[in-house]
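Undergrad: Here you go, protein-v1.txt (compact mmCIF, C-alpha atoms):
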```txt
# COMPACT_ATOMS: atom_id res chain seq x y z
CA MET A 1299 -59.77 -84.93 -133.48
CA SER A 1300 -58.84 -88.62 -133.92
CA HIS A 1301 -58.62 -88.03 -137.70
CA PHE A 1302 -55.09 -87.92 -139.16
CA SER A 1303 -53.74 -87.18 -142.65
CA VAL A 1304 -50.54 -88.36 -144.30
CA VAL A 1305 -49.31 -86.44 -147.35
CA PRO A 1306 -46.69 -88.48 -149.25
CA GLY A 1307 -43.86 -87.00 -151.26
CA ALA A 1308 -45.49 -87.40 -154.67
CA ALA A 1309 -48.54 -85.45 -153.54
CA VAL A 1310 -46.37 -82.72 -151.96
CA SER A 1311 -44.27 -82.41 -155.13
CA ALA A 1312 -47.35 -82.15 -157.34
CA ILE A 1313 -48.73 -79.30 -155.23
CA LEU A 1314 -45.43 -77.42 -155.00
CA ALA A 1315 -44.72 -77.74 -158.72
CA ASP A 1316 -47.11 -74.90 -159.58
CA ALA A 1317 -47.24 -73.10 -156.23
CA HIS A 1318 -44.32 -70.69 -156.59
CA GLN A 1319 -46.40 -67.53 -156.17
CA ASP A 1320 -48.32 -69.01 -153.24
CA VAL A 1321 -45.08 -70.01 -151.51
CA LEU A 1322 -43.49 -66.59 -152.08
CA ARG A 1323 -46.54 -64.90 -150.59
CA ILE A 1324 -46.72 -67.30 -147.64
CA VAL A 1325 -43.03 -66.90 -146.81
CA ALA A 1326 -43.17 -63.09 -146.96
CA ASP A 1327 -46.34 -63.01 -144.84
CA THR A 1328 -44.76 -65.38 -142.31
CA TYR A 1329 -41.71 -63.16 -141.86
CA VAL A 1330 -43.98 -60.19 -141.20
CA ALA A 1331 -46.10 -62.21 -138.76
CA HIS A 1332 -42.92 -63.26 -136.95
CA GLU A 1333 -41.79 -59.64 -136.75
CA GLN A 1334 -45.19 -58.76 -135.27
CA GLY A 1335 -44.86 -61.38 -132.53
CA LEU A 1336 -47.48 -63.79 -133.90
CA SER A 1337 -45.21 -66.83 -133.65
CA VAL A 1338 -43.24 -68.98 -131.25
CA ASN A 1339 -40.02 -70.23 -132.79
CA PRO A 1340 -37.66 -71.76 -130.18
CA ASP A 1341 -34.17 -73.01 -130.81
CA SER A 1342 -33.57 -75.75 -133.32
CA TYR A 1343 -32.15 -78.93 -131.82
CA PHE A 1344 -29.22 -80.72 -133.44
CA LEU A 1345 -28.59 -84.46 -133.25
CA ARG A 1346 -25.02 -85.30 -134.28
CA PHE A 1347 -23.04 -88.54 -134.45
CA PRO A 1348 -19.41 -89.14 -133.39
CA ASP A 1349 -18.72 -91.52 -136.29
CA LYS A 1350 -20.49 -89.32 -138.88
CA PRO A 1351 -19.23 -85.79 -138.19
CA ASN A 1352 -20.69 -84.32 -141.39
CA ALA A 1353 -24.18 -85.72 -140.76
CA ARG A 1354 -26.92 -84.32 -138.55
CA VAL A 1355 -30.63 -84.41 -137.87
CA ILE A 1356 -32.36 -81.20 -136.80
CA ALA A 1357 -35.67 -80.70 -135.00
CA LEU A 1358 -37.43 -77.37 -135.64
CA PRO A 1359 -40.47 -76.85 -133.38
CA SER A 1360 -42.74 -73.86 -133.96
CA TYR A 1361 -46.13 -72.24 -133.54
CA LEU A 1362 -47.60 -69.77 -136.05
CA GLY A 1363 -50.75 -67.79 -135.32
CA GLY A 1364 -52.98 -65.85 -137.67
CA ASP A 1365 -54.62 -67.85 -140.44
CA VAL A 1366 -52.38 -70.86 -139.77
CA ASP A 1367 -52.90 -71.13 -135.99
CA ALA A 1368 -51.10 -74.46 -135.76
CA ILE A 1369 -48.12 -76.15 -134.14
CA GLY A 1370 -45.42 -77.82 -136.20
CA MET A 1371 -42.22 -79.86 -135.96
CA LYS A 1372 -39.89 -80.37 -138.90
CA TRP A 1373 -37.47 -83.29 -138.49
CA ILE A 1374 -34.82 -82.99 -141.19
CA ALA A 1375 -31.75 -85.14 -141.78
CA SER A 1376 -28.69 -83.95 -143.68
CA PHE A 1377 -26.37 -86.79 -144.71
CA PRO A 1378 -24.01 -85.36 -147.36
CA ASP A 1379 -22.45 -88.76 -148.07
CA ASN A 1380 -25.79 -89.88 -149.52
CA THR A 1381 -24.83 -88.17 -152.76
CA LEU A 1382 -22.02 -90.70 -153.24
CA GLN A 1383 -24.74 -93.35 -153.56
CA GLY A 1384 -26.91 -91.26 -155.85
CA LEU A 1385 -29.31 -90.37 -153.02
CA PRO A 1386 -30.50 -86.88 -152.01
CA ARG A 1387 -28.53 -85.32 -149.18
CA ALA A 1388 -31.60 -84.29 -147.17
CA SER A 1389 -34.81 -86.00 -146.08
CA ALA A 1390 -37.52 -84.60 -143.86
CA THR A 1391 -40.94 -84.97 -142.32
CA LEU A 1392 -43.28 -82.34 -140.92
CA LEU A 1393 -45.73 -83.06 -138.10
CA ILE A 1394 -48.64 -80.63 -137.66
CA ASN A 1395 -50.65 -80.39 -134.44
CA ASP A 1396 -53.93 -78.66 -133.71
CA TYR A 1397 -53.43 -75.57 -131.56
CA ALA A 1398 -56.74 -75.90 -129.70
CA THR A 1399 -56.08 -79.43 -128.41
CA GLY A 1400 -52.44 -80.19 -129.20
CA TYR A 1401 -53.53 -83.33 -131.07
CA PRO A 1402 -51.48 -84.37 -134.13
CA VAL A 1403 -53.48 -83.86 -137.31
CA ALA A 1404 -51.04 -84.59 -140.15
CA CYS A 1405 -47.61 -85.83 -141.23
CA LEU A 1406 -46.13 -84.59 -144.50
CA GLU A 1407 -43.04 -85.59 -146.43
CA ALA A 1408 -41.13 -82.34 -146.11
CA ALA A 1409 -37.84 -82.32 -148.01
CA GLY A 1410 -39.52 -80.42 -150.84
CA ILE A 1411 -41.26 -78.09 -148.40
CA SER A 1412 -37.92 -77.33 -146.76
CA ALA A 1413 -36.29 -76.63 -150.12
CA VAL A 1414 -38.97 -74.26 -151.39
CA ARG A 1415 -39.27 -72.30 -148.17
CA THR A 1416 -35.48 -71.83 -148.19
CA ALA A 1417 -35.50 -70.78 -151.82
CA ALA A 1418 -38.47 -68.45 -151.40
CA SER A 1419 -36.77 -66.81 -148.43
CA ALA A 1420 -33.69 -66.13 -150.56
CA ALA A 1421 -35.78 -64.81 -153.46
CA VAL A 1422 -37.89 -62.52 -151.28
CA ALA A 1423 -34.71 -61.11 -149.72
CA ALA A 1424 -32.98 -60.65 -153.09
CA ALA A 1425 -35.91 -58.72 -154.53
CA GLU A 1426 -35.91 -56.40 -151.53
CA LEU A 1427 -32.14 -55.96 -151.26
CA LEU A 1428 -30.98 -55.51 -154.85
CA PRO A 1429 -30.39 -51.82 -155.53
CA THR A 1430 -31.70 -52.08 -159.09
CA SER A 1431 -34.70 -53.66 -160.80
CA GLY A 1432 -32.65 -54.20 -163.95
CA PRO A 1433 -30.85 -57.41 -164.94
CA VAL A 1434 -28.11 -58.58 -162.59
CA ARG A 1435 -25.19 -60.94 -163.02
CA LEU A 1436 -25.97 -63.99 -160.88
CA GLY A 1437 -23.34 -66.19 -159.27
CA VAL A 1438 -24.07 -69.46 -157.49
CA VAL A 1439 -21.67 -71.33 -155.21
CA GLY A 1440 -22.85 -74.91 -154.72
CA ALA A 1441 -24.98 -76.68 -157.31
CA GLY A 1442 -27.29 -79.00 -155.42
CA VAL A 1443 -31.05 -79.15 -154.92
CA ILE A 1444 -31.21 -75.96 -152.86
CA ALA A 1445 -29.27 -73.97 -155.46
CA ARG A 1446 -31.52 -75.25 -158.25
CA THR A 1447 -34.63 -74.36 -156.27
CA ILE A 1448 -33.30 -70.88 -155.49
CA VAL A 1449 -32.79 -70.31 -159.23
CA ASP A 1450 -36.42 -71.31 -159.78
CA TYR A 1451 -37.69 -68.95 -157.10
CA LEU A 1452 -35.53 -66.01 -158.16
CA HIS A 1453 -37.15 -66.39 -161.57
CA ALA A 1454 -40.63 -66.71 -160.06
CA ARG A 1455 -40.07 -63.60 -157.94
CA GLY A 1456 -39.19 -61.61 -161.05
CA VAL A 1457 -35.48 -61.08 -160.37
CA LYS A 1458 -34.06 -60.29 -163.82
CA VAL A 1459 -30.80 -62.06 -164.65
CA ALA A 1460 -28.38 -61.10 -167.42
CA ASP A 1461 -26.28 -64.25 -167.08
CA VAL A 1462 -25.35 -66.95 -164.56
CA LEU A 1463 -21.99 -68.24 -163.38
CA VAL A 1464 -21.82 -71.42 -161.27
CA HIS A 1465 -19.03 -72.82 -159.10
CA ASP A 1466 -19.07 -76.25 -157.50
CA LEU A 1467 -16.32 -78.68 -156.48
CA ASP A 1468 -18.17 -81.31 -158.51
CA PRO A 1469 -17.99 -80.32 -162.21
CA THR A 1470 -20.90 -82.60 -163.10
CA SER A 1471 -23.21 -80.88 -160.59
CA ALA A 1472 -22.07 -77.47 -161.81
CA GLY A 1473 -22.85 -78.46 -165.37
CA HIS A 1474 -26.33 -79.66 -164.46
CA LEU A 1475 -27.10 -76.35 -162.72
CA THR A 1476 -25.88 -74.26 -165.65
CA ALA A 1477 -28.19 -76.19 -167.97
CA HIS A 1478 -31.09 -75.77 -165.55
CA ALA A 1479 -30.44 -72.03 -165.10
CA THR A 1480 -30.35 -71.47 -168.85
CA ALA A 1481 -33.61 -73.35 -169.35
CA ARG A 1482 -35.35 -71.68 -166.42
CA MET A 1483 -34.15 -68.11 -166.76
CA GLY A 1484 -33.50 -67.91 -170.49
CA ALA A 1485 -30.10 -66.42 -169.73
CA PRO A 1486 -26.65 -67.71 -170.70
CA ALA A 1487 -24.99 -69.78 -167.95
CA ALA A 1488 -21.49 -71.16 -167.53
CA THR A 1489 -19.17 -72.53 -164.86
CA GLY A 1490 -16.41 -70.45 -163.34
CA THR A 1491 -13.88 -70.17 -160.56
CA LEU A 1492 -14.83 -69.15 -157.04
CA ASP A 1493 -13.21 -65.73 -157.49
CA GLU A 1494 -15.17 -65.16 -160.70
CA VAL A 1495 -18.45 -66.05 -159.05
CA LEU A 1496 -17.69 -63.84 -156.03
CA ALA A 1497 -17.47 -60.83 -158.36
CA ARG A 1498 -21.12 -61.12 -159.47
CA ASP A 1499 -23.87 -58.66 -158.52
CA LEU A 1500 -25.97 -61.29 -156.72
CA VAL A 1501 -24.15 -64.26 -155.17
CA VAL A 1502 -25.93 -67.32 -153.75
CA PHE A 1503 -24.13 -69.63 -151.32
CA ALA A 1504 -25.76 -73.05 -151.12
CA THR A 1505 -23.07 -75.45 -149.93
CA THR A 1506 -22.49 -77.90 -147.10
CA ALA A 1507 -19.39 -76.05 -145.87
CA ALA A 1508 -18.79 -76.34 -142.12
CA THR A 1509 -16.21 -73.54 -141.86
CA PRO A 1510 -15.50 -70.33 -143.84
CA TYR A 1511 -13.46 -70.61 -147.03
CA VAL A 1512 -14.20 -67.16 -148.53
CA SER A 1513 -11.30 -65.23 -147.04
CA ALA A 1514 -11.45 -62.01 -145.07
CA ASP A 1515 -9.57 -60.08 -147.76
CA THR A 1516 -12.10 -60.86 -150.50
CA ALA A 1517 -13.13 -57.64 -152.24
CA LEU A 1518 -16.88 -56.96 -152.12
CA ARG A 1519 -18.59 -54.02 -153.84
CA PRO A 1520 -21.14 -51.46 -152.66
CA GLY A 1521 -24.59 -52.65 -153.66
CA GLN A 1522 -23.50 -56.25 -154.11
CA VAL A 1523 -25.92 -58.75 -152.51
CA LEU A 1524 -24.79 -62.04 -151.02
CA LEU A 1525 -27.41 -64.63 -150.08
CA ASN A 1526 -25.61 -66.47 -147.28
CA VAL A 1527 -28.03 -69.41 -147.34
CA SER A 1528 -25.54 -72.06 -146.19
CA LEU A 1529 -24.35 -69.67 -143.46
CA ARG A 1530 -20.77 -70.90 -142.97
CA ASP A 1531 -19.02 -69.91 -146.20
CA LEU A 1532 -17.98 -66.34 -145.38
CA ALA A 1533 -15.21 -65.14 -143.10
CA PRO A 1534 -16.77 -63.05 -140.31
CA GLU A 1535 -14.63 -60.03 -141.20
CA LEU A 1536 -16.58 -59.76 -144.47
CA LEU A 1537 -19.81 -59.33 -142.54
CA LEU A 1538 -18.29 -56.54 -140.49
CA ARG A 1539 -17.79 -54.56 -143.72
CA SER A 1540 -21.37 -55.18 -144.93
CA ASN A 1541 -25.01 -54.49 -144.23
CA ASN A 1542 -26.33 -57.59 -142.46
CA VAL A 1543 -29.94 -58.72 -142.72
CA VAL A 1544 -31.00 -61.92 -140.93
CA ASP A 1545 -34.26 -63.80 -140.55
CA ASP A 1546 -34.04 -63.83 -136.74
CA VAL A 1547 -31.15 -62.39 -134.75
CA ASP A 1548 -31.12 -64.89 -131.88
CA HIS A 1549 -31.44 -67.88 -134.18
CA CYS A 1550 -28.85 -66.80 -136.68
CA LEU A 1551 -26.15 -65.90 -134.17
CA LYS A 1552 -25.40 -69.43 -132.98
CA ALA A 1553 -23.99 -72.78 -134.15
CA GLN A 1554 -20.83 -71.17 -135.58
CA THR A 1555 -22.59 -69.43 -138.46
CA ALA A 1556 -20.74 -66.52 -140.05
CA PRO A 1557 -22.87 -64.01 -138.07
CA HIS A 1558 -22.14 -65.98 -134.89
CA LEU A 1559 -18.42 -65.86 -135.63
CA ALA A 1560 -18.71 -62.11 -136.23
CA GLU A 1561 -20.38 -61.72 -132.84
CA GLN A 1562 -17.56 -63.69 -131.20
CA LEU A 1563 -15.00 -61.56 -133.02
CA THR A 1564 -16.50 -58.23 -131.92
CA GLY A 1565 -18.21 -59.15 -128.66
CA GLY A 1566 -21.49 -57.59 -129.81
CA ARG A 1567 -24.28 -57.53 -132.34
CA ASP A 1568 -24.02 -53.97 -133.58
CA PHE A 1569 -23.08 -55.21 -137.07
CA ILE A 1570 -26.65 -56.53 -137.58
CA THR A 1571 -28.62 -54.05 -139.68
CA GLY A 1572 -32.05 -55.63 -139.25
CA THR A 1573 -34.33 -58.56 -140.01
CA LEU A 1574 -36.08 -59.51 -143.22
CA GLY A 1575 -39.46 -59.04 -141.54
CA ALA A 1576 -38.54 -55.47 -140.60
CA LEU A 1577 -37.18 -54.88 -144.11
CA LEU A 1578 -40.47 -56.03 -145.64
CA GLN A 1579 -42.26 -53.53 -143.40
CA GLY A 1580 -39.98 -50.70 -144.55
CA ASN A 1581 -38.18 -50.45 -141.21
CA VAL A 1582 -34.59 -51.17 -142.28
CA THR A 1583 -32.19 -48.65 -143.83
CA LEU A 1584 -29.20 -49.97 -145.78
CA ASP A 1585 -25.88 -48.19 -146.27
CA ALA A 1586 -25.59 -47.80 -150.05
CA ASP A 1587 -21.80 -47.70 -149.77
CA ARG A 1588 -21.66 -51.27 -148.48
CA PRO A 1589 -22.47 -54.73 -149.83
CA THR A 1590 -25.35 -56.55 -148.15
CA VAL A 1591 -25.33 -60.07 -146.73
CA PHE A 1592 -28.59 -61.92 -146.06
CA SER A 1593 -28.17 -64.76 -143.57
CA PRO A 1594 -31.26 -66.94 -142.99
CA PHE A 1595 -30.87 -69.59 -140.30
CA GLY A 1596 -34.12 -71.17 -141.43
CA LEU A 1597 -37.17 -70.76 -139.20
CA GLY A 1598 -39.51 -73.65 -138.45
CA ILE A 1599 -42.49 -71.35 -138.88
CA LEU A 1600 -41.72 -71.20 -142.62
CA ASP A 1601 -42.00 -74.99 -142.93
CA LEU A 1602 -45.19 -74.91 -140.88
CA ALA A 1603 -46.76 -72.16 -143.00
CA VAL A 1604 -45.92 -73.82 -146.32
CA GLY A 1605 -46.85 -77.25 -144.95
CA HIS A 1606 -50.20 -75.93 -143.73
CA HIS A 1607 -50.94 -74.74 -147.27
CA VAL A 1608 -49.85 -78.08 -148.76
CA LEU A 1609 -52.00 -80.03 -146.32
CA HIS A 1610 -55.14 -78.08 -147.16
CA GLU A 1611 -54.45 -78.36 -150.88
CA ALA A 1612 -53.80 -82.11 -150.62
CA ARG A 1613 -57.09 -82.58 -148.80
CA ARG A 1614 -58.85 -80.49 -151.44
CA ARG A 1615 -57.33 -82.55 -154.26
CA GLY A 1616 -57.96 -85.83 -152.45
CA THR A 1617 -54.26 -86.76 -152.47
CA ALA A 1618 -53.86 -86.90 -148.68
CA VAL A 1619 -54.07 -90.37 -147.16
CA GLU A 1620 -56.70 -90.17 -144.44
CA ILE A 1621 -56.35 -92.33 -141.34
CA PRO A 1622 -59.52 -92.41 -139.20
CA ASP A 1623 -59.25 -93.08 -135.46
CA PHE A 1624 -55.51 -92.40 -135.46
CA ILE A 1625 -55.68 -91.37 -131.79
CA GLY A 1626 -56.58 -94.38 -129.68
CA GLU A 1627 -57.68 -92.54 -126.54
CA THR A 1628 -60.33 -89.90 -127.26
CA ARG A 1629 -62.05 -89.75 -123.85
CA ARG A 1630 -60.48 -88.85 -120.51
CA TRP A 1631 -62.45 -91.47 -118.59
```
Would you mind writing the file's structure down as structure tokens?

TA:
Amino acid sequence: MSHFSVVPGAAVSAILADAHQDVLRIVADTYVAHEQGLSVNPDSYFLRFPDKPNARVIALPSYLGGDVDAIGMKWIASFPDNTLQGLPRASATLLINDYATGYPVACLEAAGISAVRTAASAAVAAAELLPTSGPVRLGVVGAGVIARTIVDYLHARGVKVADVLVHDLDPTSAGHLTAHATARMGAPAATGTLDEVLARDLVVFATTAATPYVSADTALRPGQVLLNVSLRDLAPELLLRSNNVVDDVDHCLKAQTAPHLAEQLTGGRDFITGTLGALLQGNVTLDADRPTVFSPFGLGILDLAVGHHVLHEARRRGTAVEIPDFIGETRRW
């Protein structure tokens, strides 16, 4: 157990580049395992800074049983001002520990893992929630890495798209995403206003917004699906007029997310329709006369499950850096 592996970013990216179907399967299976009680996923812990109010670092501890049977900790930083210097907003590492002994066994660069598990979660939900299997009009609010990865995973999951409309406060970013969406999905893509994007059949929110900007009087349609990935874009009143599917009720209803604000507004959680895990098991019934909002807080078990797969694949390919005798003390006497 003194053996330790490090999987650098280039190796992680190479594995994830052609692992879309594996990641979709892993994420769906993990949600079901969580619903069945085969996980421990405590609160995430937020480190914030008085002189950098828009920056944070989050710790996501978790345990996942079943085939994974491992402990994990994702440590992810979000520094939006990085983009002003041409740097990615987010950076992350994932530490994996052996469940039998608690010993650390690996450290992986995890920004890519975090992005694909988020995107796969959105794609799995979209495929389950859309009322039709035919082509839909896709709208995307926010045009960063997460939005681009969600487009990739919607395509991989088989969500058919007639056309794409993108809105971002940065026109250059919006233009890059429209070009990517056209190339990936083979569908026409353009930029549009926020109101135009909000009228689409499937709307993805992938922003860094800290407070709601989509107003309570915004008109939503029955059958419309909103992937509330960034969690703080929607006024809580909109959720009260919608079906609400979350990844985990306790996790999602905190930290001033839109569902948390809706709970504060009503004093209860009756507006929650169910979880994605229950939906995948056929245990959630949606009101066809309402739109549906999917709000995923982002569970550490998803990072652990995808990271576990990446670690085993990196070892198989020989791209993990192996460090023998990483643990100095291996005997208790």

Undergrad: For Ile1369 in chain A, which residue among A:Ala1507, A:Val1310, A:Leu1393, A:Val1591 is the nearest when counting all atoms listed in the file?

TA: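 So, comparing all the options, the nearest one is A:Leu1393.
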
Undergrad: Could you give me, as a list in words, the residues within 7 Å of Gly1521 in chain A, counting only C-alpha atoms and dropping anything in the same chain fewer than 6 positions from it?

TA: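 Everything that qualifies: Pro1429, Ala1586, Asp1587, Arg1588, Pro1589 and Thr1590 of chain A.
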
Undergrad: With a distance cut-off of 10 Å and all atoms listed in the file, select the neighbouring residues of Gly1364 in chain A, excluding the residue or stretch itself and same-chain residues fewer than 2 positions from it, and output the selection as a PyMOL selection string.

TA: chain A and resi 1328+1331+1336-1337+1362+1366-1368

Undergrad: From the list A:Thr1416, A:Thr1470, A:Gln1562, A:Ser1593, which residue is nearest His1549 in chain A when using all atoms listed in the file?

TA: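 Ranking A:Thr1416, A:Thr1470, A:Gln1562, A:Ser1593 by distance to His1549 in chain A, first place goes to A:Ser1593.
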
Undergrad: Please write as a PyMOL selection string the list of polymer residues whose atoms come within 12 Å of (-33.2, -64.7, -160.2), counting only C-alpha atoms and keeping to the coordinates of the file.

TA: chain A and resi 1417-1418+1420-1425+1428+1431-1438+1445-1462+1479-1480+1482-1485+1499-1502+1525

Undergrad: Give as a list in words each residue that has an atom at most 9 Å from (-34.9, -80.4, -143.9) in the file, counting all atoms listed in the file.

TA: Val1355, Ile1356, Ala1357, Lys1372, Trp1373, Ile1374, Ala1375, Ser1376, Ala1388, Ser1389, Ala1390, Thr1391, Ala1408, Ala1409, Gly1410, Ile1411, Ser1412, Ala1413 and Asp1601 of chain A

Undergrad: Using only C-alpha atoms, find the one residue out of A:Pro1402, A:Gly1605, A:Gly1384, A:Pro1622 that sits nearest to Ile1324 in chain A.

TA: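 Ranking A:Pro1402, A:Gly1605, A:Gly1384, A:Pro1622 by distance to Ile1324 in chain A, first place goes to A:Gly1605.
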
Undergrad: So the first atom is CA of Glu1426 in chain A and the second is CA of Leu1578 in chain A; what is the distance between them in Å, to one decimal place?

TA: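 Going from CA of Glu1426 in chain A over to CA of Leu1578 in chain A covers 7.5 Å.
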
Undergrad: Can you work out which one of A:Leu1532, A:Ile1621, A:Ala1441, A:Leu1559 has the shortest atom-to-atom distance to Ser1303 in chain A, counting only C-alpha atoms?

TA: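 Checking each candidate against Ser1303 in chain A, we get A:Ile1621 as the closest.
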
Undergrad: Would you please work out which residue, of A:Ala1556, A:Val1325, A:Val1414, A:Leu1551, is nearest to Arg1530 in chain A when using only C-alpha atoms?

TA: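 Of A:Ala1556, A:Val1325, A:Val1414, A:Leu1551, the one nearest Arg1530 in chain A is A:Ala1556, counting only C-alpha atoms.
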
Undergrad: Which residues, written as a VMD selection string, have at least one atom at most 12 Å from Lys1552 in chain A, with only C-alpha atoms counted and residues fewer than 6 positions away on the same chain left out?

TA: chain A and resid 1341 to 1344 1529 to 1530 1546 1558 to 1562 1567 1593 to 1595

Undergrad: Tell me, in Å to one decimal, how far CA of Thr1617 in chain A is from CA of Phe1302 in chain A.

TA: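 Distance between the two atoms: 13.4 Å.
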
Undergrad: For Glu1407 in chain A, which of A:Pro1306, A:Leu1600, A:Val1608, A:Asp1493 is the closest residue, counting only C-alpha atoms?

TA: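 Smallest separation from Glu1407 in chain A among the options: A:Pro1306.
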
Undergrad: Put a box with edges along x, y and z around all the listed atoms of range 1485-1504 of chain A, pad it by 6 Å on each side, then give me its centre and sizes in Å, one decimal, as lines of an AutoDock Vina configuration file.

TA:
```
center_x = -21.7
center_y = -65.9
center_z = -160.9
size_x = 28.9
size_y = 26.4
size_z = 31.6
```

Undergrad: For His1606 in chain A, list every protein, DNA or RNA residue within 8 Å, evaluated using only C-alpha atoms, and leave out those in the same chain fewer than 4 positions away; present the list as a list of chain:residue names.

TA: A:Val1366, A:Ile1394, A:Leu1602, A:His1610

Undergrad: Could you write those residues out with C-alpha atoms, as an mmCIF file, in the coordinates of the input?

TA:
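Writing done, so here's again.cif:
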```
data_model
loop_
_atom_site.group_PDB
_atom_site.id
_atom_site.type_symbol
_atom_site.label_atom_id
_atom_site.label_comp_id
_atom_site.auth_asym_id
_atom_site.auth_seq_id
_atom_site.Cartn_x
_atom_site.Cartn_y
_atom_site.Cartn_z
ATOM 1 C CA VAL A 1366 -52.380 -70.860 -139.770
ATOM 2 C CA ILE A 1394 -48.640 -80.630 -137.660
ATOM 3 C CA LEU A 1602 -45.190 -74.910 -140.880
ATOM 4 C CA HIS A 1610 -55.140 -78.080 -147.160
#
```

Undergrad: Any idea what the distance is between CA of Gly1440 in chain A and CA of Asn1526 in chain A?

TA: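 Separation between CA of Gly1440 in chain A and CA of Asn1526 in chain A: 11.6 Å.
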